[in-house]
Every structure is written in structure tokens, then in C-alpha cells.
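To start, the structure under review is shown below, and the notes come after it.
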Amino acid sequence: MLEKFVIKGGKSLKGKVRISGAKNSALPLLAASILSENGLTLENVPDVADVRTMLKALELLGVKYNFKKENGIIDIDSSNVKPCEIPYDIIRRMRASVLLMGPLLARFKKAYVYTPGGCAIGARPIDLHIEAFKKLGADYKVKEGYSILKAKKLKGNFIYFDKVTVTGTENVIMASVFAAGETIIENAAIEPEVVDLCNCLLKMGAKIEGIGTKSLRIKGVESLKKINHTVIPDRIEAGTFVIAAAVTKGRVEIESVIPSHLDTFLSKVKDAGVNVEVKEDSLIVDGGSTINPVDIETSPYPGFPTDLQAQFMVLMLKAKGVSHIKENIFENRFQHVQELVRLGADIKLDGNTAIVKGGKPLTGADVMATDLRASASLVLAGLFAKGVTRVHRIYHLDRGYEKFEEKLIKLGASIKREKD
Ligand SMILES: CC(=O)N[C@H]1[C@@H](OP(=O)(O)OP(=O)(O)OC[C@H]2O[C@@H](n3ccc(=O)[nH]c3=O)[C@H](O)[C@@H]2O)O[C@H](CO)[C@@H](O)[C@@H]1O
Ligand SMILES: C=C(OP(=O)(O)O)C(=O)O
């Protein structure tokens, strides 16, 4: 059933909001649960559609689980896992299901995962994952749409990623935990979610050195054990609420965050003139001041995250002047632009740069969510647009934001979920 958000703009957000566990951490961690013969217990798992899709994929593989949604605890039993096909219907809902390739290859020396295509934000190839799996000893072919990986034995090797790839790094780390000898990954991604995965694997008994650096060394072990691990807070959800407070001239305390994960983003938000007080594990955003134009360009961590580009653009719509927003990770991650223009925004595209003339008043309209973060940006714009904004196709947003409208309503927003 399709649903939409109906937002009445103009309410200033006030109060406290608690950030959920990171979707982009929970997904690789759930995939990693099949590396241990007994499973894994995860805490602070967000109840979002992508997590439910990953659980469906795990169920197909024979995993049994108990998800206590009230406190985000998932207890996973992977003792009866069999390597079966991960079909198109799972992959089309969620690209991150490619993260099952690494663990399946590691534990069973074979993986059958439907080949992912591109998506709304870009082509999204997995050639770097495949090349690395081959270096570890896997054969690869595509048959009837499935990517089939098989190995007699996996052996550590030197892997250099030409481009920083987050899921590629995660997949190869997981593939190599049992590989004989040592695997070296150079130019590894250092996103906090990659670090979270490594920390969990370490507790499970994996041998990984260089965690948090671009150079990882993994020594193969015999097996991994079941442990408890708490998923890190979602830095992208936190950043989204920072912008929500700023654009509504509100005052919001954003709790349960790791502020250092947001350093680059927060420095740009502060350059824009937003008052942010950084505490040990919370942020207090006071959005009363005038917004200045600030240029950003996205890049791998610790650069400005592509997953906050669309939301930052909405902040720039409030700025007095022109800002340039350059997207370097995905070739098509500007689909929110035309929708924001419908609300009255003045944004022009020049290749992979959006030129945003801030300060134009926005007026509510019907707009369509095209991908996860684009959806969040449209909600943010609706919060201060004059009149009513209806954001259609919010299933995109439900992939990655837990109880988004409930959290906004608690802060005083006027937002309702309705049948479309
Ligand atoms: C580096 C980066 O910011 N990655 C983002 C990317 O991760 P995700 O893991 O989805 O994408 P990658 O990090 O793998 O992709 C980074 C870049 O490398 C290219 N590529 C990737 C793999 C491959 O085999 N071949 C190849 O050419 C991609 O097309 C892209 O231009 O999207 C996620 C969801 O929006 C974000 O959370 C991540 O922060
Ligand atoms: C686009 C995202 O997710 P995915 O890589 O699963 O498409 C995201 O988290 O912003």
C-alpha cells in the first residue's frame, strides 16, 4: 500500500529526540551473523524496512531470529544456515543484500546472490567486490541473473581498491575472516560503519589489525563465536534532525549520538551560522540565527557524507546567497532538486554541481520521494514551506528512518501519514 506524508509547514521544532541505531551498520552486522555457527546478538537495531528485508534474506538461508522491537535486540541463531539463492525480489528491495556474498563465501565457499542493478541514485557497480573475491580464490560467473561465487579454498591476498568502496570493504573483510594466511586491504573505507563491523568481528574472534585506517590486515581464523554487540548510532539520522532544527528555527537536543562521526558535517553546519553545542553523546541545535551560504562536496569519510547532501541542500535554501553543492560519489543523486524546485526553490544543475540560490520562500505542493535521502530532504523542506506539502512514495524513507514522523510530531511538527 502506498503512503504519503502530509505536512503543514511553519512549526518550530522543540524538545528532545533519541537517535536510532545506524541502518548502514546494522545491515552488514546482520550479514556477519552467519559467519558464526551459533549466530550473534545485536542491540540497538533500528526497526526499518531494510532491516526487515535483510532478516527475510537471512530466513531464506535458514536463520532463526527473535527481534524485540521495543529495545532493538535481535537474537540470531545461524546454526542451521544453508547456502541458498538470494533472489531478485530481495535484491530489488535493498542493494545491501550484496553484503551476504562475503559471509556466504567465507562460511560455505559458495554464494548465489541475484546480481544487483543500478538504482535511483546511480549505476552502483560491484566490480571491485568481485575482483577482490577472485583474488581470494573464488571463481565468478553470472547465470540466469545470479552472481555465482565458488571457491575450493580461500587464501589471503593483497587487495587494493582503486576507489573507496564501503560495501566492497565490508564484503571483503567478511569474505577473508577464515581465509588461510593474511589478507591485506589497501585503500579500505574508514566509515564508522566499517569500523563497527570490524569491532564486532574482533569480539567474535576475528583477527583484524588497522581498524579505522585505510590499511587493514586480516589473519584467517578457524571459527567465530556468538557475542553481543551494540550497533552505533545513525549519524545520518542525527544529521537530518540537525537540519530539521535549523530550518524550523527550533531548539532540539539530539540524544544518543557519537558527535565525532559528524565532525565534517557539523563544521559545515556551523559555518552556515547554525548554533550547535556538542556534548559527550548529544547535540543541542539552536536554529535561531541567519543562515550563510556554504559550499560542500561529498567524499568518502571523513569527508562530507553523500547521505547528507540532499538534507544540507535544504539548509542552503534558507541561506542568504548562493551555495555550490558538488556530488562526487553518485552520478544521479540530485533527484530531489526538481522536487524542491516545485516548492519554489531556485536550484540549477551544472554537471555534478547544484547551484542553490537561497532565501526564496517555499510554498507547499505535491512532491515525490525518489530515494531514501531525497525523501528526507523533501520532508525537511515541507517543515518550513508555507501551507501543505504532500510527500508521496514514502516507502523510500521507511527503508532507513525509524519512526520518523513520530519523532517529528514529538518535537511539535505537523506531519501525518496517509494512504496515497
Ligand atoms: C564512499 C561512499 O561515500 N560510499 C557511500 C555509498 O556506499 P556503497 O557501499 O553503496 O557504495 P560504494 O562505497 O561501494 O561506492 C562508492 C563509489 O565507488 C563506485 N564503485 C563501488 C563499488 C564497485 O565495485 N565499483 C565502483 O565503481 C560507486 O559507483 C561509487 O561511485 O553509498 C552509501 C549509501 O548511500 C553511503 O552510505 C556510503 O557512504
Ligand atoms: C542510499 C542508501 O542506502 P543503500 O546503499 O542501501 O541504497 C542510504 O543509506 O542513503
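Order determines the names: the first chain of the C-alpha cells is A, the second B, and so forth; residues in each chain are numbered 1 upward, and ligands are numbered 1 upward as they are shown.
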Output as a Markdown table one row per residue of chain A within 8 Å of ligand 1: the closest atom pair and its distance in Å to one decimal place, counting only C-alpha atoms and all ligand atoms, sorted by chain and residue number ascending.
| residue | atom | partner | partner_atom_place_in_ligand_line | distance |
| --- | --- | --- | --- | --- |
| A:Asn24 | CA | ligand 1 | 37 (O) | 6.4 |
| A:Arg95 | CA | ligand 1 | 10 (O) | 7.7 |
| A:Ala96 | CA | ligand 1 | 10 (O) | 7.3 |
| A:Gly122 | CA | ligand 1 | 29 (O) | 7.0 |
| A:Ala123 | CA | ligand 1 | 29 (O) | 6.1 |
| A:Arg124 | CA | ligand 1 | 29 (O) | 4.3 |
| A:Pro125 | CA | ligand 1 | 25 (N) | 4.6 |
| A:Ile126 | CA | ligand 1 | 24 (O) | 3.2 |
| A:Asp127 | CA | ligand 1 | 24 (O) | 3.9 |
| A:Leu128 | CA | ligand 1 | 24 (O) | 3.5 |
| A:His129 | CA | ligand 1 | 24 (O) | 5.1 |
| A:Ile130 | CA | ligand 1 | 24 (O) | 7.2 |
| A:Lys163 | CA | ligand 1 | 18 (O) | 5.6 |
| A:Val164 | CA | ligand 1 | 1 (C) | 5.4 |
| A:Thr165 | CA | ligand 1 | 13 (O) | 3.3 |
| A:Val166 | CA | ligand 1 | 13 (O) | 3.8 |
| A:Thr167 | CA | ligand 1 | 9 (O) | 3.6 |
| A:Gly168 | CA | ligand 1 | 14 (O) | 5.4 |
| A:Thr169 | CA | ligand 1 | 14 (O) | 7.9 |
| A:Ala189 | CA | ligand 1 | 1 (C) | 6.9 |
| A:Glu191 | CA | ligand 1 | 39 (O) | 7.2 |
| A:Thr298 | CA | ligand 1 | 3 (O) | 7.4 |
| A:Ser299 | CA | ligand 1 | 3 (O) | 5.8 |
| A:Pro300 | CA | ligand 1 | 1 (C) | 4.1 |
| A:Tyr301 | CA | ligand 1 | 3 (O) | 6.8 |
| A:Pro305 | CA | ligand 1 | 39 (O) | 5.9 |
| A:Thr306 | CA | ligand 1 | 3 (O) | 5.7 |
| A:Asp307 | CA | ligand 1 | 35 (O) | 5.2 |
| A:Asn328 | CA | ligand 1 | 31 (O) | 7.4 |
| A:Ile329 | CA | ligand 1 | 31 (O) | 4.4 |
| A:Phe330 | CA | ligand 1 | 31 (O) | 5.1 |
| A:Glu331 | CA | ligand 1 | 31 (O) | 7.4 |
Next, the residues of the selection above should be written as a short mmCIF file (atom, residue, chain, number, x, y, z; two decimals), in the first residue's frame with C-alpha atoms.
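So the final result, stored in result-v3.cif, reads:
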data_model
loop_
_atom_site.label_atom_id
_atom_site.label_comp_id
_atom_site.auth_asym_id
_atom_site.auth_seq_id
_atom_site.Cartn_x
_atom_site.Cartn_y
_atom_site.Cartn_z
CA ASN A 24 24.21 1.17 7.43
CA ARG A 95 21.00 -3.30 -2.65
CA ALA A 96 22.75 -4.00 0.65
CA GLY A 122 23.38 5.76 -9.83
CA ALA A 123 24.83 2.72 -11.60
CA ARG A 124 26.26 1.19 -8.43
CA PRO A 125 28.61 -1.49 -9.82
CA ILE A 126 30.13 -4.28 -7.69
CA ASP A 127 33.15 -4.99 -9.90
CA LEU A 128 35.58 -4.12 -7.08
CA HIS A 129 33.91 -6.65 -4.74
CA ILE A 130 34.11 -9.37 -7.40
CA LYS A 163 38.09 3.55 -5.40
CA VAL A 164 36.97 3.76 -1.80
CA THR A 165 34.02 1.38 -1.52
CA VAL A 166 32.08 1.00 1.71
CA THR A 167 30.13 -2.19 0.99
CA GLY A 168 33.11 -3.51 -1.01
CA THR A 169 35.39 -3.14 2.02
CA ALA A 189 36.85 2.57 3.52
CA GLU A 191 33.43 4.94 7.58
CA THR A 298 30.74 14.90 -0.95
CA SER A 299 33.56 12.43 -0.46
CA PRO A 300 34.30 9.25 1.47
CA TYR A 301 34.64 9.51 5.27
CA PRO A 305 28.75 12.28 3.53
CA THR A 306 26.78 11.79 0.33
CA ASP A 307 23.92 10.57 2.55
CA ASN A 328 31.24 13.16 -6.15
CA ILE A 329 30.02 9.69 -5.14
CA PHE A 330 26.87 9.06 -7.21
CA GLU A 331 26.17 10.39 -10.70
#
| query | Rounded to one decimal in Å, what is the spacing between atom CA of Glu170 of chain A and atom CA of Ile190 of chain A? | reply |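 Atom CA of Ile190 of chain A lies at a distance of 10.1 Å from atom CA of Glu170 of chain A.
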| request: Enumerate the residues of segment 130-343 of chain A with a DSSP assignment of helix (DSSP H, G or I), computed from the backbone, and present them as a PyMOL selection string. | output: chain A and resi 130-135+166-176+192-204+235-247+259-271+306-316+335-342
| task | With a distance cut-off of 12 Å and only C-alpha atoms, select the neighbouring residues of Leu40 of chain A, excluding the residue or stretch itself and same-chain residues fewer than 3 positions from it, and output the selection as a VMD selection string. | result | chain A and resid 26 29 to 37 43 63 to 66 73 to 79 200 to 201 203 to 204 224 to 230
| field | Pick from A:Ala180, A:Leu317, A:Ile159, A:Ile232, whichever lies nearest to Asp281 of chain A using only C-alpha atoms | value |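 Going through A:Ala180, A:Leu317, A:Ile159, A:Ile232 one by one, the smallest distance to Asp281 of chain A is for A:Ile232.
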| task | Could you check which of A:Ser97, A:Ser260, A:Thr213, A:Asn38 is closest to ligand 2, using only C-alpha atoms and all ligand atoms? | result | A:Ser97
| said: What's around segment 136-142 of chain A at 6 Å? Count only C-alpha atoms, leave out sequence neighbours fewer than 3 positions away in its own chain, and write the answer as a PyMOL selection string. | reply: chain A and resi 133+146-151+154-157
Could you write out that same residue set with C-alpha atoms as a PDB file, in the first residue's frame?
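After the write, again23.pdb holds the following:
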ATOM      1  CA  PHE A 133      36.727 -12.208  -4.150  1.00  0.00           C
ATOM      2  CA  TYR A 146      22.589 -14.789 -10.405  1.00  0.00           C
ATOM      3  CA  SER A 147      26.124 -13.878  -9.414  1.00  0.00           C
ATOM      4  CA  ILE A 148      27.663 -17.230  -8.559  1.00  0.00           C
ATOM      5  CA  LEU A 149      30.822 -17.367  -6.488  1.00  0.00           C
ATOM      6  CA  LYS A 150      32.569 -20.639  -5.699  1.00  0.00           C
ATOM      7  CA  ALA A 151      35.933 -21.484  -4.172  1.00  0.00           C
ATOM      8  CA  LEU A 154      40.026 -19.127   0.221  1.00  0.00           C
ATOM      9  CA  LYS A 155      43.549 -17.838   0.607  1.00  0.00           C
ATOM     10  CA  GLY A 156      44.625 -14.411   1.864  1.00  0.00           C
ATOM     11  CA  ASN A 157      45.954 -11.981  -0.731  1.00  0.00           C
TER      12      ASN A 157
END
| task | Could you please determine the separation between atom CA of Phe161 of chain A and atom CA of Gly303 of chain A in Å, to one decimal place? | result |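 These atoms are spaced 17.9 Å apart.
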| field | Residues within 8 Å of segment 235-247 of chain A, only C-alpha atoms, excluding chain neighbours under 4 positions, as a count of residues only | value | 31
| Residues near Gly212 of chain A, cut-off 10 Å, only C-alpha atoms, skip fewer than 6 positions along chain, as a PyMOL selection string | chain A and resi 188-196+198-199
I need the chosen residues saved as a PDB file, in the first residue's frame, with C-alpha atoms.
ATOM      1  CA  ALA A 188      39.896   0.476   2.631  1.00  0.00           C
ATOM      2  CA  ALA A 189      36.851   2.574   3.524  1.00  0.00           C
ATOM      3  CA  ILE A 190      37.096   4.021   7.047  1.00  0.00           C
ATOM      4  CA  GLU A 191      33.432   4.940   7.578  1.00  0.00           C
ATOM      5  CA  PRO A 192      32.292   4.478  11.219  1.00  0.00           C
ATOM      6  CA  GLU A 193      30.014   1.668   9.988  1.00  0.00           C
ATOM      7  CA  VAL A 194      33.051  -0.240   8.631  1.00  0.00           C
ATOM      8  CA  VAL A 195      34.776   0.245  11.988  1.00  0.00           C
ATOM      9  CA  ASP A 196      31.655  -1.003  13.798  1.00  0.00           C
ATOM     10  CA  CYS A 198      35.379  -4.748  12.406  1.00  0.00           C
ATOM     11  CA  ASN A 199      34.877  -4.212  16.140  1.00  0.00           C
TER      12      ASN A 199
END
| request: List the neighbours of Ile284 of chain A out to 6 Å using only C-alpha atoms; skip same-chain residues closer than 5 positions along the sequence, and give me the result as a ChimeraX atom specification. | output: /A:252-253,276-277
For the residues in that selection, give me N, CA and C atoms as an mmCIF file, in the first residue's frame.
data_model
loop_
_atom_site.group_PDB
_atom_site.id
_atom_site.type_symbol
_atom_site.label_atom_id
_atom_site.label_comp_id
_atom_site.auth_asym_id
_atom_site.auth_seq_id
_atom_site.Cartn_x
_atom_site.Cartn_y
_atom_site.Cartn_z
ATOM 1 N N VAL A 252 16.541 21.903 19.484
ATOM 2 C CA VAL A 252 16.359 20.460 19.665
ATOM 3 C C VAL A 252 17.614 19.846 20.260
ATOM 4 N N GLU A 253 17.398 18.996 21.262
ATOM 5 C CA GLU A 253 18.515 18.228 21.823
ATOM 6 C C GLU A 253 18.486 16.840 21.177
ATOM 7 N N VAL A 276 25.408 25.070 17.224
ATOM 8 C CA VAL A 276 25.349 23.663 17.666
ATOM 9 C C VAL A 276 26.269 23.498 18.868
ATOM 10 N N GLU A 277 25.681 23.057 19.964
ATOM 11 C CA GLU A 277 26.507 22.762 21.147
ATOM 12 C C GLU A 277 26.781 21.253 21.143
#
| query | When DSSP works through the backbone of this structure, what residues of segment 64-190 of chain A end up as strand (DSSP E), shown as a PyMOL selection string? | reply | chain A and resi 64-68+73-77+85-86+110-114+139-143+146-150+158-160+182-186
Serialized selection, N, CA and C atoms, as a CSV table (one decimal), in the first residue's frame:
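And here is the file that came out, selection34.csv:
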chain,number,residue,atom,x,y,z
A,64,LYS,N,17.2,-18.5,12.3
A,64,LYS,CA,16.0,-18.2,13.1
A,64,LYS,C,16.4,-17.0,14.0
A,65,TYR,N,15.4,-16.1,14.2
A,65,TYR,CA,15.7,-15.0,15.0
A,65,TYR,C,14.5,-14.5,15.8
A,66,ASN,N,14.9,-13.7,16.9
A,66,ASN,CA,13.9,-13.2,17.7
A,66,ASN,C,14.2,-11.7,17.8
A,67,PHE,N,13.3,-10.8,17.3
A,67,PHE,CA,13.5,-9.4,17.2
A,67,PHE,C,12.6,-8.7,18.2
A,68,LYS,N,13.2,-8.2,19.3
A,68,LYS,CA,12.4,-7.4,20.3
A,68,LYS,C,12.5,-6.0,19.9
A,73,ILE,N,16.6,-5.4,20.2
A,73,ILE,CA,17.5,-6.5,20.3
A,73,ILE,C,17.1,-7.6,19.4
A,74,ILE,N,18.1,-8.1,18.6
A,74,ILE,CA,17.8,-9.2,17.7
A,74,ILE,C,18.8,-10.3,18.1
A,75,ASP,N,18.2,-11.5,18.5
A,75,ASP,CA,19.0,-12.6,18.8
A,75,ASP,C,18.9,-13.6,17.6
A,76,ILE,N,20.1,-13.9,17.0
A,76,ILE,CA,20.1,-14.6,15.7
A,76,ILE,C,20.8,-16.0,16.0
A,77,ASP,N,20.0,-17.0,15.5
A,77,ASP,CA,20.6,-18.4,15.6
A,77,ASP,C,20.9,-18.8,14.1
A,85,GLU,N,19.8,-19.6,-2.8
A,85,GLU,CA,19.8,-18.4,-3.6
A,85,GLU,C,19.2,-17.2,-2.9
A,86,ILE,N,19.8,-16.1,-3.1
A,86,ILE,CA,19.2,-14.8,-2.6
A,86,ILE,C,18.6,-14.2,-3.8
A,110,LYS,N,30.7,-20.8,-1.2
A,110,LYS,CA,29.8,-20.5,-2.3
A,110,LYS,C,28.7,-19.5,-2.0
A,111,ALA,N,28.4,-18.8,-3.0
A,111,ALA,CA,27.3,-17.8,-2.8
A,111,ALA,C,26.5,-17.6,-4.1
A,112,TYR,N,25.2,-17.6,-4.0
A,112,TYR,CA,24.3,-17.3,-5.1
A,112,TYR,C,23.5,-16.1,-4.8
A,113,VAL,N,23.8,-15.0,-5.3
A,113,VAL,CA,23.1,-13.8,-5.0
A,113,VAL,C,22.7,-13.1,-6.3
A,114,TYR,N,21.4,-12.8,-6.4
A,114,TYR,CA,21.0,-12.1,-7.7
A,114,TYR,C,21.8,-10.9,-7.9
A,139,ASP,N,35.9,-18.4,-7.9
A,139,ASP,CA,35.5,-18.3,-9.3
A,139,ASP,C,34.2,-17.5,-9.4
A,140,TYR,N,34.0,-16.8,-10.5
A,140,TYR,CA,32.8,-16.0,-10.6
A,140,TYR,C,32.2,-16.1,-11.9
A,141,LYS,N,30.9,-16.3,-11.9
A,141,LYS,CA,30.1,-16.3,-13.2
A,141,LYS,C,28.7,-15.8,-12.9
A,142,VAL,N,28.1,-15.3,-14.0
A,142,VAL,CA,26.7,-14.9,-13.9
A,142,VAL,C,25.8,-15.8,-14.7
A,143,LYS,N,24.8,-16.4,-14.0
A,143,LYS,CA,23.9,-17.4,-14.7
A,143,LYS,C,22.5,-17.1,-14.3
A,146,TYR,N,21.9,-14.6,-11.7
A,146,TYR,CA,22.6,-14.8,-10.4
A,146,TYR,C,24.1,-14.6,-10.5
A,147,SER,N,24.7,-13.9,-9.6
A,147,SER,CA,26.1,-13.9,-9.4
A,147,SER,C,26.5,-15.1,-8.6
A,148,ILE,N,27.3,-16.0,-9.2
A,148,ILE,CA,27.7,-17.2,-8.6
A,148,ILE,C,29.1,-17.2,-8.2
A,149,LEU,N,29.4,-17.4,-7.0
A,149,LEU,CA,30.8,-17.4,-6.5
A,149,LEU,C,31.1,-18.7,-5.9
A,150,LYS,N,32.2,-19.3,-6.3
A,150,LYS,CA,32.6,-20.6,-5.7
A,150,LYS,C,34.1,-20.7,-5.5
A,158,PHE,N,46.7,-9.8,-1.3
A,158,PHE,CA,46.8,-8.3,-1.3
A,158,PHE,C,45.7,-7.7,-2.1
A,159,ILE,N,44.9,-6.9,-1.5
A,159,ILE,CA,43.8,-6.3,-2.3
A,159,ILE,C,43.9,-4.8,-2.2
A,160,TYR,N,44.0,-4.1,-3.4
A,160,TYR,CA,44.0,-2.7,-3.4
A,160,TYR,C,42.7,-2.2,-4.1
A,182,GLU,N,47.2,-14.3,5.4
A,182,GLU,CA,46.8,-12.9,5.7
A,182,GLU,C,46.2,-12.2,4.4
A,183,THR,N,45.2,-11.5,4.7
A,183,THR,CA,44.6,-10.6,3.6
A,183,THR,C,44.9,-9.2,4.0
A,184,ILE,N,45.4,-8.5,3.0
A,184,ILE,CA,45.7,-7.0,3.2
A,184,ILE,C,44.8,-6.2,2.3
A,185,ILE,N,44.0,-5.3,2.9
A,185,ILE,CA,43.2,-4.5,2.1
A,185,ILE,C,43.7,-3.0,2.2
A,186,GLU,N,44.1,-2.5,1.0
A,186,GLU,CA,44.7,-1.2,1.0
A,186,GLU,C,43.6,-0.2,0.4
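A straight line drawn from atom CA of Met1 of chain A to atom CA of Phe404 of chain A is 18.2 Å long.
Minimum distance to ligand 2 across A:Ser223, A:Ser176, A:Thr290, A:Ser25 (counting only C-alpha atoms and all ligand atoms) occurs at A:Ser25.
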| said: Between A:Val341, A:Leu99, A:Ala374, A:Leu60, which residue has the minimum interatomic distance to Leu27 of chain A, considering only C-alpha atoms? | reply: A:Leu99
| task | Using only C-alpha atoms and all ligand atoms, pick whichever of A:Val98, A:Leu104, A:Ile415, A:Leu197 has the shortest atom-to-atom distance to ligand 2. | result |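 Looking at the shortest contact to ligand 2, the residue is A:Val98.
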